[in-house]
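Pasted below: protein_14.csv, CSV, C-alpha atoms.
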```csv
chain,number,residue,atom,x,y,z
L,125,MET,CA,78.4,78.6,180.3
L,126,ARG,CA,79.1,81.1,177.4
L,127,GLN,CA,82.7,80.9,176.3
L,128,PRO,CA,84.7,84.0,175.5
L,129,ARG,CA,84.2,84.7,171.8
L,130,CYS,CA,87.3,83.9,169.8
L,131,LEU,CA,85.6,85.5,166.7
L,132,SER,CA,83.4,88.5,166.4
L,133,LEU,CA,80.1,88.1,164.5
L,134,SER,CA,81.5,89.9,161.5
L,135,THR,CA,84.6,87.6,161.6
L,136,CYS,CA,82.4,84.5,161.8
L,137,LEU,CA,80.4,85.7,158.8
L,138,ALA,CA,83.5,86.6,156.9
L,139,GLY,CA,85.1,83.2,157.8
L,140,ALA,CA,82.0,81.3,156.8
L,141,ALA,CA,82.1,83.0,153.4
L,142,ILE,CA,85.6,81.5,152.6
L,143,LEU,CA,84.4,78.2,151.1
L,144,THR,CA,87.0,75.4,150.5
L,145,GLY,CA,84.6,73.7,148.1
L,146,MET,CA,81.1,73.5,146.8
L,147,ALA,CA,78.4,71.8,149.0
L,148,ALA,CA,78.5,68.1,148.3
L,149,ALA,CA,75.9,65.3,148.7
L,150,GLN,CA,78.5,63.3,150.5
L,151,PRO,CA,79.0,64.0,154.3
L,152,ILE,CA,81.8,66.5,155.1
L,153,GLU,CA,84.0,65.2,158.0
L,154,ILE,CA,86.5,66.9,160.3
L,155,ARG,CA,88.3,64.4,162.5
L,156,THR,CA,90.1,64.9,165.8
L,157,ASP,CA,91.4,62.4,168.3
L,158,ALA,CA,88.3,62.9,170.5
L,159,TYR,CA,85.5,63.0,167.9
L,160,THR,CA,84.4,63.4,164.3
L,161,LEU,CA,82.3,66.4,163.2
L,162,VAL,CA,80.1,65.4,160.2
L,163,GLY,CA,78.1,67.8,158.1
L,164,LEU,CA,75.2,66.2,156.2
L,165,ASP,CA,73.4,67.4,153.0
L,166,SER,CA,70.3,68.0,155.1
L,167,GLY,CA,72.0,70.8,156.9
L,168,ALA,CA,72.3,68.8,160.1
L,169,VAL,CA,75.7,68.5,161.8
L,170,GLU,CA,76.6,65.4,163.9
L,171,LEU,CA,79.1,64.9,166.6
L,172,ARG,CA,80.3,61.3,166.4
L,173,ALA,CA,82.4,59.2,168.7
L,174,PRO,CA,85.8,58.0,167.2
L,175,ASP,CA,84.1,54.7,166.3
L,176,GLY,CA,81.6,56.5,164.1
L,177,ARG,CA,78.5,56.4,166.4
L,178,MET,CA,76.4,59.5,166.5
L,179,LEU,CA,76.3,61.2,169.9
L,180,ILE,CA,74.3,64.3,169.1
L,181,SER,CA,73.0,66.0,166.0
L,182,ILE,CA,72.4,69.7,165.7
L,183,ASN,CA,69.5,70.0,163.3
L,184,GLY,CA,68.6,73.7,163.1
L,185,TYR,CA,67.1,76.6,165.0
L,186,ARG,CA,63.6,78.1,165.7
L,187,VAL,CA,63.1,81.7,166.8
L,188,GLU,CA,60.0,80.2,168.5
L,189,TRP,CA,58.3,83.4,169.8
L,190,ALA,CA,58.1,84.6,166.2
L,191,PRO,CA,57.4,82.5,163.1
L,192,PRO,CA,60.8,82.1,161.5
L,193,ARG,CA,62.4,78.6,161.8
L,194,THR,CA,65.0,76.7,159.8
L,195,SER,CA,63.9,74.1,157.4
L,196,GLY,CA,67.0,72.2,156.2
L,197,GLY,CA,70.1,73.9,154.8
L,198,THR,CA,73.3,73.7,153.0
L,199,CYS,CA,76.4,72.5,154.8
L,200,ARG,CA,79.9,73.4,153.6
L,201,GLU,CA,83.4,73.2,154.9
L,202,VAL,CA,84.6,76.7,155.6
L,203,THR,CA,87.9,78.3,156.6
L,204,LEU,CA,87.8,80.7,159.5
L,205,ALA,CA,89.9,83.9,159.6
L,206,SER,CA,92.4,82.0,161.7
L,207,GLY,CA,93.0,79.5,158.9
L,208,GLN,CA,91.2,76.7,160.9
L,209,ARG,CA,88.9,74.3,159.2
L,210,ALA,CA,85.3,74.4,160.3
L,211,LEU,CA,81.8,73.6,159.1
L,212,GLY,CA,79.2,76.2,158.1
L,213,VAL,CA,75.5,75.9,157.5
L,214,VAL,CA,73.3,78.3,155.6
L,215,TYR,CA,69.7,77.5,156.5
L,216,ASP,CA,66.6,77.7,154.5
L,217,VAL,CA,64.2,79.8,156.7
L,218,ALA,CA,60.5,78.9,156.7
L,219,ASP,CA,57.6,81.1,157.9
L,220,ASN,CA,59.6,84.1,156.8
L,221,PRO,CA,57.1,86.1,154.7
L,222,THR,CA,59.1,89.4,154.7
L,223,GLY,CA,62.4,87.6,153.8
L,224,ARG,CA,64.2,89.7,156.5
L,225,VAL,CA,65.4,86.8,158.7
L,226,ALA,CA,68.5,84.8,157.8
L,227,ILE,CA,70.1,82.1,159.9
L,228,ARG,CA,73.4,80.4,159.5
L,229,SER,CA,75.7,78.5,161.9
L,230,VAL,CA,79.5,78.0,162.3
L,231,PHE,CA,80.8,74.8,164.0
L,232,GLU,CA,84.3,75.5,165.3
L,233,PRO,CA,86.1,72.2,166.2
L,234,LEU,CA,88.7,72.4,169.1
L,235,ALA,CA,90.7,69.5,170.6
L,236,ASP,CA,88.2,68.6,173.3
L,237,ARG,CA,85.0,70.4,172.3
L,238,VAL,CA,83.0,72.0,169.5
L,239,ILE,CA,81.8,75.7,169.7
L,240,VAL,CA,78.6,76.2,167.8
L,241,ARG,CA,77.4,79.7,166.9
L,242,PHE,CA,74.0,80.5,165.3
L,243,LEU,CA,74.2,83.8,163.5
L,244,ILE,CA,70.8,85.4,163.0
L,245,SER,CA,70.0,88.5,160.9
L,246,ALA,CA,66.6,89.9,161.9
L,247,PRO,CA,64.8,93.1,162.6
L,248,ASP,CA,65.6,94.5,166.0
L,249,ASP,CA,61.9,94.4,167.0
L,250,LEU,CA,61.6,90.7,166.4
L,251,ASN,CA,61.3,88.8,169.7
L,252,VAL,CA,64.1,86.2,169.5
L,253,ARG,CA,64.7,85.4,173.2
L,254,GLY,CA,62.6,82.2,173.0
L,255,GLY,CA,65.1,80.8,170.5
L,256,MET,CA,65.3,77.0,170.5
L,257,LEU,CA,68.2,74.8,169.4
L,258,ALA,CA,66.9,71.7,167.5
L,259,ARG,CA,68.9,68.6,168.5
L,260,SER,CA,68.6,64.9,168.6
L,261,PHE,CA,70.5,61.9,170.0
L,262,GLY,CA,71.5,58.4,168.9
L,263,PRO,CA,69.1,55.4,169.4
L,264,ASP,CA,70.9,54.0,172.5
L,265,ALA,CA,71.1,57.4,174.4
L,266,GLY,CA,69.9,57.6,178.0
L,267,PRO,CA,67.8,60.5,179.3
L,268,GLU,CA,69.3,64.0,179.2
L,269,GLN,CA,70.5,65.0,182.7
L,270,THR,CA,70.6,68.6,183.9
L,271,HIS,CA,73.5,69.8,186.1
L,272,LYS,CA,73.3,73.4,187.4
L,273,MET,CA,76.9,74.0,188.4
L,274,GLY,CA,78.2,76.1,191.3
L,275,ARG,CA,81.7,76.9,192.3
L,276,TRP,CA,83.0,77.9,195.7
L,277,THR,CA,84.9,81.1,195.9
L,278,ARG,CA,86.6,83.4,198.4
L,279,HIS,CA,86.0,87.1,198.4
L,280,ALA,CA,89.2,89.2,198.0
L,281,GLY,CA,88.2,91.1,201.1
L,282,GLY,CA,87.8,88.0,203.2
L,283,GLY,CA,84.7,86.8,205.0
L,284,VAL,CA,82.7,83.6,204.6
L,285,PRO,CA,83.3,81.7,201.3
L,286,PHE,CA,80.3,81.3,199.0
L,287,GLU,CA,79.1,79.6,195.9
L,288,VAL,CA,78.6,81.3,192.5
L,289,PRO,CA,76.9,80.0,189.4
L,290,ASP,CA,79.1,78.1,187.1
L,291,GLY,CA,76.8,77.5,184.2
L,292,SER,CA,74.5,74.6,183.3
L,293,LEU,CA,75.5,71.3,181.7
L,294,TYR,CA,73.2,68.9,180.0
L,295,ARG,CA,74.6,65.4,179.9
L,296,THR,CA,73.5,62.4,177.8
L,297,ASP,CA,75.0,59.0,178.5
L,298,TYR,CA,75.5,56.1,176.1
L,299,PRO,CA,76.6,52.6,177.1
L,300,ASP,CA,80.3,53.6,176.9
L,301,ALA,CA,80.5,57.3,176.2
L,302,SER,CA,78.9,60.6,177.2
L,303,VAL,CA,78.3,64.0,175.6
L,304,PHE,CA,77.8,67.3,177.4
L,305,LEU,CA,75.9,70.3,176.0
L,306,SER,CA,76.5,73.7,177.6
L,307,THR,CA,74.4,76.8,176.8
L,308,ASP,CA,72.6,79.7,178.5
L,309,GLY,CA,68.9,79.5,178.7
L,310,VAL,CA,66.1,78.2,180.9
L,311,ALA,CA,66.9,74.6,181.9
L,312,ASP,CA,63.3,73.4,181.9
L,313,TRP,CA,62.6,74.7,178.4
L,314,ALA,CA,63.5,71.5,176.6
L,315,GLY,CA,62.0,68.5,174.9
L,316,ASP,CA,63.0,65.5,172.9
L,317,TRP,CA,63.8,67.7,169.8
L,318,ALA,CA,64.9,71.0,171.2
L,319,ARG,CA,66.5,73.0,174.0
L,320,HIS,CA,66.3,76.7,174.9
L,321,CYS,CA,69.3,78.5,173.5
L,322,PRO,CA,68.6,82.3,173.4
L,323,PRO,CA,70.5,84.7,171.3
L,324,GLU,CA,72.1,87.9,172.3
L,325,ARG,CA,72.0,91.1,170.3
L,326,VAL,CA,75.6,91.8,169.1
L,327,ALA,CA,74.9,94.6,166.6
L,328,THR,CA,72.0,96.3,164.9
L,329,GLY,CA,69.9,93.6,163.4
L,330,GLN,CA,72.4,90.9,164.3
L,331,PHE,CA,72.0,88.2,167.0
L,332,GLU,CA,74.1,85.3,168.1
L,333,ALA,CA,73.3,82.2,170.1
L,334,GLU,CA,76.1,79.9,171.3
L,335,LEU,CA,76.5,76.4,172.7
L,336,VAL,CA,79.4,74.1,173.4
L,337,LEU,CA,79.5,70.3,172.8
L,338,ALA,CA,82.0,68.2,174.7
L,339,PRO,CA,82.4,64.5,174.3
L,340,ALA,CA,83.6,62.6,177.4
L,341,ASP,CA,84.0,59.1,178.9
L,342,LEU,CA,81.4,57.8,181.3
L,343,ALA,CA,83.6,58.4,184.3
L,344,ALA,CA,83.8,62.2,183.7
L,345,ARG,CA,81.9,64.1,186.4
L,346,PRO,CA,80.2,67.5,185.6
L,347,SER,CA,82.7,69.4,187.7
L,348,GLU,CA,85.5,68.1,185.4
L,349,ILE,CA,83.7,69.3,182.3
L,350,ALA,CA,82.9,72.7,183.9
L,351,ALA,CA,86.6,73.1,184.7
L,352,ARG,CA,87.6,72.1,181.2
L,353,LEU,CA,85.2,74.5,179.5
L,354,ASN,CA,86.3,77.4,181.7
L,355,SER,CA,90.0,76.7,181.2
L,356,ARG,CA,90.7,75.8,184.9
L,357,PRO,CA,93.6,73.5,185.3
L,358,VAL,CA,92.2,71.2,188.0
L,359,ALA,CA,88.7,70.0,189.0
L,360,LEU,CA,87.5,68.9,192.4
L,361,ASP,CA,84.4,66.9,193.4
L,362,VAL,CA,83.3,65.3,196.6
L,363,TRP,CA,80.4,63.0,197.3
L,364,SER,CA,79.1,60.1,199.5
L,365,ASP,CA,76.4,57.4,199.2
L,366,GLN,CA,74.1,59.1,201.8
L,367,PRO,CA,71.5,61.7,201.0
L,368,PHE,CA,72.7,65.1,202.2
L,369,HIS,CA,75.7,63.3,203.7
L,370,LEU,CA,73.5,62.2,206.7
L,371,TRP,CA,74.1,58.7,208.3
L,372,ALA,CA,71.5,57.0,210.4
L,373,SER,CA,73.7,54.4,212.1
L,374,ASP,CA,76.4,55.2,214.6
L,375,ASP,CA,78.7,52.2,214.0
L,376,LYS,CA,80.7,53.6,211.1
L,377,PRO,CA,82.8,56.8,210.6
L,378,LEU,CA,81.5,59.6,208.3
L,379,TRP,CA,83.3,59.7,205.0
L,380,LEU,CA,83.6,61.6,201.7
L,381,LEU,CA,84.9,60.4,198.4
L,382,VAL,CA,87.2,63.0,196.9
L,383,GLU,CA,88.1,63.2,193.2
L,384,ALA,CA,90.9,65.4,191.9
L,385,THR,CA,91.3,65.7,188.1
L,386,ASN,CA,94.0,67.3,186.1
L,387,VAL,CA,92.2,68.8,183.1
L,388,SER,CA,95.2,70.7,181.8
L,389,ASP,CA,97.6,69.5,179.1
L,390,ARG,CA,100.6,69.2,181.3
L,391,PRO,CA,101.6,67.2,184.5
L,392,ARG,CA,100.7,69.0,187.7
L,393,ARG,CA,101.7,69.0,191.3
L,394,VAL,CA,98.6,69.4,193.4
L,395,GLU,CA,98.4,70.0,197.2
L,396,ARG,CA,95.2,68.5,198.7
L,397,GLN,CA,94.0,69.7,202.1
L,398,CYS,CA,91.0,69.0,204.3
L,399,TRP,CA,89.7,70.0,207.6
L,400,ALA,CA,86.6,69.3,209.7
L,401,ARG,CA,85.1,71.5,212.4
L,402,ASP,CA,82.3,70.9,214.9
L,403,PHE,CA,79.3,73.0,215.6
L,404,ASP,CA,81.3,75.3,217.9
L,405,GLY,CA,84.0,75.9,215.2
L,406,ALA,CA,86.7,73.8,216.8
L,407,VAL,CA,89.0,71.9,214.5
L,408,VAL,CA,88.2,68.2,214.9
L,409,ASP,CA,90.5,66.9,212.2
L,410,GLU,CA,92.7,68.2,209.4
L,411,GLY,CA,95.3,66.8,206.9
L,412,THR,CA,97.4,67.6,203.9
L,413,ASP,CA,99.0,65.5,201.2
L,414,GLU,CA,100.5,66.0,197.7
L,415,LEU,CA,99.5,64.5,194.4
L,416,PHE,CA,101.3,64.4,191.0
L,417,LEU,CA,98.8,64.1,188.2
L,418,ASP,CA,99.4,63.5,184.5
L,419,PRO,CA,97.2,65.3,182.0
L,420,GLY,CA,93.6,63.9,182.2
L,421,GLU,CA,94.4,61.8,185.3
L,422,ARG,CA,91.7,61.4,188.0
L,423,ARG,CA,92.7,60.5,191.5
L,424,GLN,CA,90.2,59.4,194.1
L,425,ALA,CA,90.6,59.1,197.9
L,426,VAL,CA,88.2,58.3,200.8
L,427,LEU,CA,88.4,60.7,203.7
L,428,GLN,CA,87.1,59.5,207.0
L,429,PHE,CA,86.0,61.7,209.9
L,430,PRO,CA,85.1,61.2,213.5
L,431,ALA,CA,81.4,60.9,214.1
L,432,ALA,CA,79.2,62.4,216.8
L,433,ASN,CA,76.4,60.1,218.0
L,434,ARG,CA,74.1,62.9,216.9
L,435,GLY,CA,75.7,65.9,215.4
L,436,ILE,CA,77.2,67.7,212.4
L,437,LEU,CA,80.6,68.4,211.0
L,438,TYR,CA,81.6,71.3,208.7
L,439,VAL,CA,84.2,70.1,206.1
L,440,GLU,CA,86.3,71.9,203.6
L,441,VAL,CA,88.4,70.0,200.9
L,442,SER,CA,90.8,72.0,198.7
L,443,LEU,CA,93.2,71.5,195.8
L,444,ARG,CA,96.0,74.0,195.1
L,445,SER,CA,98.2,73.9,192.0
L,446,GLY,CA,100.5,76.9,191.7
L,447,ASP,CA,98.4,80.0,192.2
L,448,HIS,CA,95.1,78.2,191.4
L,449,GLU,CA,92.8,76.9,194.0
L,450,GLU,CA,89.6,74.8,193.9
L,451,PHE,CA,87.7,74.0,197.1
L,452,VAL,CA,84.4,72.6,198.2
L,453,ARG,CA,82.6,73.1,201.5
L,454,THR,CA,79.9,70.7,202.8
L,455,THR,CA,78.4,69.2,205.9
L,456,LEU,CA,78.3,65.7,207.3
L,457,GLY,CA,76.1,64.5,210.1
L,458,ARG,CA,74.7,61.6,212.0
L,459,LEU,CA,70.9,61.5,212.5
L,460,PRO,CA,69.7,58.2,214.0
L,461,PRO,CA,66.0,57.3,213.5
L,462,HIS,CA,63.8,59.3,215.9
L,463,GLU,CA,60.4,60.9,216.4
L,464,PHE,CA,60.0,64.6,216.8
L,465,GLN,CA,58.4,65.5,220.1
L,466,SER,CA,57.6,69.0,221.4
L,467,GLY,CA,58.9,70.4,224.7
L,468,LEU,CA,62.1,68.3,224.9
L,469,LYS,CA,65.6,69.6,225.1
L,470,ALA,CA,67.9,68.4,222.3
L,471,PRO,CA,70.9,66.5,223.6
L,472,SER,CA,74.3,68.0,222.8
L,473,ALA,CA,76.7,66.1,220.5
L,474,SER,CA,80.0,64.7,221.7
L,475,LEU,CA,82.9,63.9,219.4
L,476,PRO,CA,85.4,61.1,220.0
L,477,SER,CA,89.1,61.8,219.7
L,478,SER,CA,90.7,60.9,216.4
L,479,THR,CA,93.8,61.3,214.3
L,480,CYS,CA,94.0,63.5,211.2
L,481,PRO,CA,92.2,61.9,208.2
L,482,ARG,CA,94.8,60.6,205.8
L,483,PRO,CA,93.6,60.1,202.2
L,484,THR,CA,93.6,56.4,201.3
L,485,THR,CA,94.1,55.9,197.6
```

This entry written out as C-alpha cells:
Amino acid sequence: MRQPRCLSLSTCLAGAAILTGMAAAQPIEIRTDAYTLVGLDSGAVELRAPDGRMLISINGYRVEWAPPRTSGGTCREVTLASGQRALGVVYDVADNPTGRVAIRSVFEPLADRVIVRFLISAPDDLNVRGGMLARSFGPDAGPEQTHKMGRWTRHAGGGVPFEVPDGSLYRTDYPDASVFLSTDGVADWAGDWARHCPPERVATGQFEAELVLAPADLAARPSEIAARLNSRPVALDVWSDQPFHLWASDDKPLWLLVEATNVSDRPRRVERQCWARDFDGAVVDEGTDELFLDPGERRQAVLQFPAANRGILYVEVSLRSGDHEEFVRTTLGRLPPHEFQSGLKAPSASLPSSTCPRPTT
C-alpha cells in the first residue's frame, strides 16, 4: 500500500541533512496524540503507545540478495523541507567491501501514522529486490497477522462490479492496542526479525523502500486502516460467524453484521443501502437508512435476510457519503447436513416472503 510520496528522494536527503542538533545518547522523542516516535542511540526507532509501551521497533535494513546490511547507526532529529520535525538515521553498513553502498532512513510522523523511507545509494547492478526490513515487537505482542486487502469497484463503462487489490496489511495485537504495518513485498517473506520491503529504483544509483506504521485500538478492522491510509472518508466491512456465510440449520434467518466507520476528520452524513437477490436475480429484499457519524465513529448493524431451506442469496451493502461510495458484495446460503449422491436431481430452493431488512443498531 505505497503512499504517494510527499517528498522526492533528493528532498528527503536534503531534509535529512538539516540537523537540529548533534546525535545524543539520550532517546530523541517526537510526540503526537496517537503515539510517540523514539530514536535510540543504537539507530533503532521505536513506535510507542501514548503510555510509553513499545509497539514496534524498526531496527535497520538488509539488501539480502547481496551482502550489504545495516549494523547499527546514528539517529538524529531532522527538519524536513516542509519545516516538519522528523527522525533520520544514518546507518553503518557491514559487508560493504567496496564502500559503494550507503543506507539511511527518514521517519516522517503524521497525525495517525508514520511514513518510513529507506534511502539506498548503490550500484545499479546490485540486486536489491530482496531487501528486508528489520523489525521487532514488544514482549506481550501477539502473532503478526496478514491481511491481503481487496476493494470492490464499479467500472465507469458499467458491467459487473469486481474487486481490485488494496494493498497488504500486517497487524500485531497487544492486550489493549494494535499496530499495523503496510508495505509492498511478498507476504510470506517474513520472520521474527524481518519482513520483505523491496526498494524501487528512483534515480541512477538511488533506491527507495517505503513502509507505513499505523497504531490503532483493538476494535479497528483492517478495512478501516486501509481506508485511512488511502485517504478515503468512510470504511465498510461485513461479516458473520459462519464460514463462507453458510448456515447448516434452517430455524434462523441469515444475517450479516455491517460496520460503517467515519475515518475522516469531520462529521459525515452517510446513506447505507442493501439488497439481496436470489439465484434467478429477483430482488428478495432491500432497504435504505441514513447515518450521521462523528470523526472516528464506528456504527454497527445486523441485517437479516429471508432464508431458503437450501439455497443462496447474493447481497450488496453500500455506503455513500457525498460523491464517495464504498460497497461490498457477498453471498449467503443455507446448506443443511447432507451426503453427496450421484444421479440425483438437486431440489430447487424456495424463499419465504419477507419485509425489507431494517438495520437494527

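Comparing L:Ser442, L:Gln428, L:Gln330, L:Ser347 by their smallest distance to Asp248 of chain L, the closest is L:Gln330 (using all atoms listed in the file).
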
Requested in this report: Just give me the gap between atom CA of Ser388 of chain L and atom CA of Pro419 of chain L in Å, one decimal is fine.
Outcome: 5.8 Å

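From atom CA of Leu370 of chain L back to atom CA of Gly411 of chain L, the distance works out to 22.3 Å.
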
**Report entry** Spatial sel., origin (84.5, 70.3, 187.6), limit 6 Å, only C-alpha atoms, listed as a ChimeraX atom specification
**Finding:** /L:346-351,359-360

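Atom CA of Phe403 of chain L lies 17.7 Å from atom CA of Pro460 of chain L.
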
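Using all atoms listed in the file, the shortest contact distance between Val225 of chain L and any of L:Gln366, L:Ser306, L:Ser245, L:Asn354 is found at L:Ser245.
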
When you look at Leu353 of chain L with a cut-off of 12 Å (counting only C-alpha atoms), what residues show up, excluding the ones that are within fewer than 5 positions of it in the same chain? I need them as an mmCIF file with C-alpha atoms, keeping the file's coordinate frame.
```
data_model
loop_
_atom_site.group_PDB
_atom_site.id
_atom_site.type_symbol
_atom_site.label_atom_id
_atom_site.label_comp_id
_atom_site.auth_asym_id
_atom_site.auth_seq_id
_atom_site.Cartn_x
_atom_site.Cartn_y
_atom_site.Cartn_z
ATOM 1 C CA MET L 125 78.400 78.600 180.300
ATOM 2 C CA ARG L 126 79.100 81.100 177.400
ATOM 3 C CA GLN L 127 82.700 80.900 176.300
ATOM 4 C CA PRO L 128 84.700 84.000 175.500
ATOM 5 C CA LEU L 234 88.700 72.400 169.100
ATOM 6 C CA ALA L 235 90.700 69.500 170.600
ATOM 7 C CA ASP L 236 88.200 68.600 173.300
ATOM 8 C CA ARG L 237 85.000 70.400 172.300
ATOM 9 C CA VAL L 238 83.000 72.000 169.500
ATOM 10 C CA ILE L 239 81.800 75.700 169.700
ATOM 11 C CA ASP L 290 79.100 78.100 187.100
ATOM 12 C CA GLY L 291 76.800 77.500 184.200
ATOM 13 C CA SER L 292 74.500 74.600 183.300
ATOM 14 C CA LEU L 293 75.500 71.300 181.700
ATOM 15 C CA PHE L 304 77.800 67.300 177.400
ATOM 16 C CA LEU L 305 75.900 70.300 176.000
ATOM 17 C CA SER L 306 76.500 73.700 177.600
ATOM 18 C CA THR L 307 74.400 76.800 176.800
ATOM 19 C CA LEU L 335 76.500 76.400 172.700
ATOM 20 C CA VAL L 336 79.400 74.100 173.400
ATOM 21 C CA LEU L 337 79.500 70.300 172.800
ATOM 22 C CA ALA L 338 82.000 68.200 174.700
ATOM 23 C CA PRO L 339 82.400 64.500 174.300
ATOM 24 C CA PRO L 346 80.200 67.500 185.600
ATOM 25 C CA SER L 347 82.700 69.400 187.700
ATOM 26 C CA GLU L 348 85.500 68.100 185.400
ATOM 27 C CA VAL L 358 92.200 71.200 188.000
ATOM 28 C CA ALA L 359 88.700 70.000 189.000
ATOM 29 C CA VAL L 387 92.200 68.800 183.100
ATOM 30 C CA SER L 388 95.200 70.700 181.800
#
```

**Report entry** Selection: 9 Å around segment 165-182 of chain L, all atoms listed in the file, excl. self and same-chain fewer than 6 positions, as an MDAnalysis selection string
**Finding:** chainID L and resid 147:152 155:159 195:200 211 213:215 231 238 257:263 265 296:298 301:303 337 339

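In this comparison, which uses only C-alpha atoms, the residue of L:Ala280, L:Leu164, L:Val240, L:Ala344 approaching Arg228 of chain L most closely is L:Val240.
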
Report summary line: Closest of L:Gly420, L:Gly282, L:Pro289, L:Pro221 to Arg390 of chain L, counting all atoms listed in the file, is L:Gly420

Query raised in the report: Of the candidates L:Asp365, L:Glu463, L:Glu201, L:Asp409, which shows the shortest atom-to-atom distance to Glu440 of chain L, using only C-alpha atoms?
Result: L:Asp409

Requested in this report: Tell me which protein, DNA and RNA residues are within 8 Å of Ala333 of chain L, counting all atoms listed in the file, leaving out same-chain ones fewer than 5 positions away, and put them as a ChimeraX atom specification.
Outcome: /L:241-243,321-324

Query raised in the report: Counting only C-alpha atoms, what is within 10 Å of segment 447-457 of chain L, bar same-chain residues fewer than 5 positions away, as a ChimeraX atom specification?
Result: /L:274-278,285-287,351,356-364,366,368-372,378-380,384,394-402,429,431-442

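Using only C-alpha atoms, the protein and nucleic acid residues lying no more than 9 Å from Thr194 of chain L, apart from those fewer than 2 places from it along its own chain, are L:Asn183, L:Gly184, L:Tyr185, L:Arg186, L:Val187, L:Pro192, L:Gly196, L:Gly197, L:Tyr215, L:Asp216, L:Val217, L:Ala218, L:Asp219, L:Ile227.
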
Using the partial input, fill out segment 435-455 of chain L with N, CA and C atoms; write the result as a short mmCIF file (atom, residue, chain, number, x, y, z; two decimals), in the coordinates of the input.
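For reference, rebuild_5.cif as written:
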```
data_model
loop_
_atom_site.label_atom_id
_atom_site.label_comp_id
_atom_site.auth_asym_id
_atom_site.auth_seq_id
_atom_site.Cartn_x
_atom_site.Cartn_y
_atom_site.Cartn_z
N GLY L 435 75.06 64.64 215.59
CA GLY L 435 75.70 65.90 215.40
C GLY L 435 76.07 66.21 214.00
N ILE L 436 76.85 67.27 213.79
CA ILE L 436 77.20 67.70 212.40
C ILE L 436 78.62 68.18 212.40
N LEU L 437 79.25 67.95 211.25
CA LEU L 437 80.60 68.40 211.00
C LEU L 437 80.57 69.32 209.75
N TYR L 438 81.38 70.37 209.80
CA TYR L 438 81.60 71.30 208.70
C TYR L 438 82.93 70.95 208.06
N VAL L 439 82.95 70.65 206.75
CA VAL L 439 84.20 70.10 206.10
C VAL L 439 84.52 71.00 204.91
N GLU L 440 85.82 71.24 204.77
CA GLU L 440 86.30 71.90 203.60
C GLU L 440 87.44 70.99 202.98
N VAL L 441 87.37 70.76 201.67
CA VAL L 441 88.40 70.00 200.90
C VAL L 441 88.90 70.99 199.84
N SER L 442 90.22 71.09 199.67
CA SER L 442 90.80 72.00 198.70
C SER L 442 91.89 71.39 197.89
N LEU L 443 92.07 71.88 196.67
CA LEU L 443 93.20 71.50 195.80
C LEU L 443 93.91 72.84 195.47
N ARG L 444 95.22 72.81 195.51
CA ARG L 444 96.00 74.00 195.10
C ARG L 444 97.09 73.52 194.14
N SER L 445 97.12 74.15 192.95
CA SER L 445 98.20 73.90 192.00
C SER L 445 98.71 75.22 191.52
N GLY L 446 99.93 75.53 191.93
CA GLY L 446 100.50 76.90 191.70
C GLY L 446 99.64 77.91 192.37
N ASP L 447 99.19 78.92 191.63
CA ASP L 447 98.40 80.00 192.20
C ASP L 447 96.87 79.65 192.13
N HIS L 448 96.53 78.51 191.56
CA HIS L 448 95.10 78.20 191.40
C HIS L 448 94.59 77.32 192.50
N GLU L 449 93.39 77.66 192.97
CA GLU L 449 92.80 76.90 194.00
C GLU L 449 91.34 76.49 193.64
N GLU L 450 90.99 75.25 193.93
CA GLU L 450 89.60 74.80 193.90
C GLU L 450 89.27 74.25 195.28
N PHE L 451 88.08 74.57 195.77
CA PHE L 451 87.70 74.00 197.10
C PHE L 451 86.20 73.83 197.13
N VAL L 452 85.80 72.96 198.03
CA VAL L 452 84.40 72.60 198.20
C VAL L 452 84.14 72.63 199.74
N ARG L 453 83.01 73.19 200.15
CA ARG L 453 82.60 73.10 201.50
C ARG L 453 81.26 72.30 201.59
N THR L 454 81.12 71.47 202.60
CA THR L 454 79.90 70.70 202.80
C THR L 454 79.75 70.33 204.23
N THR L 455 78.67 69.67 204.56
CA THR L 455 78.40 69.20 205.90
C THR L 455 78.19 67.71 205.93
#
```
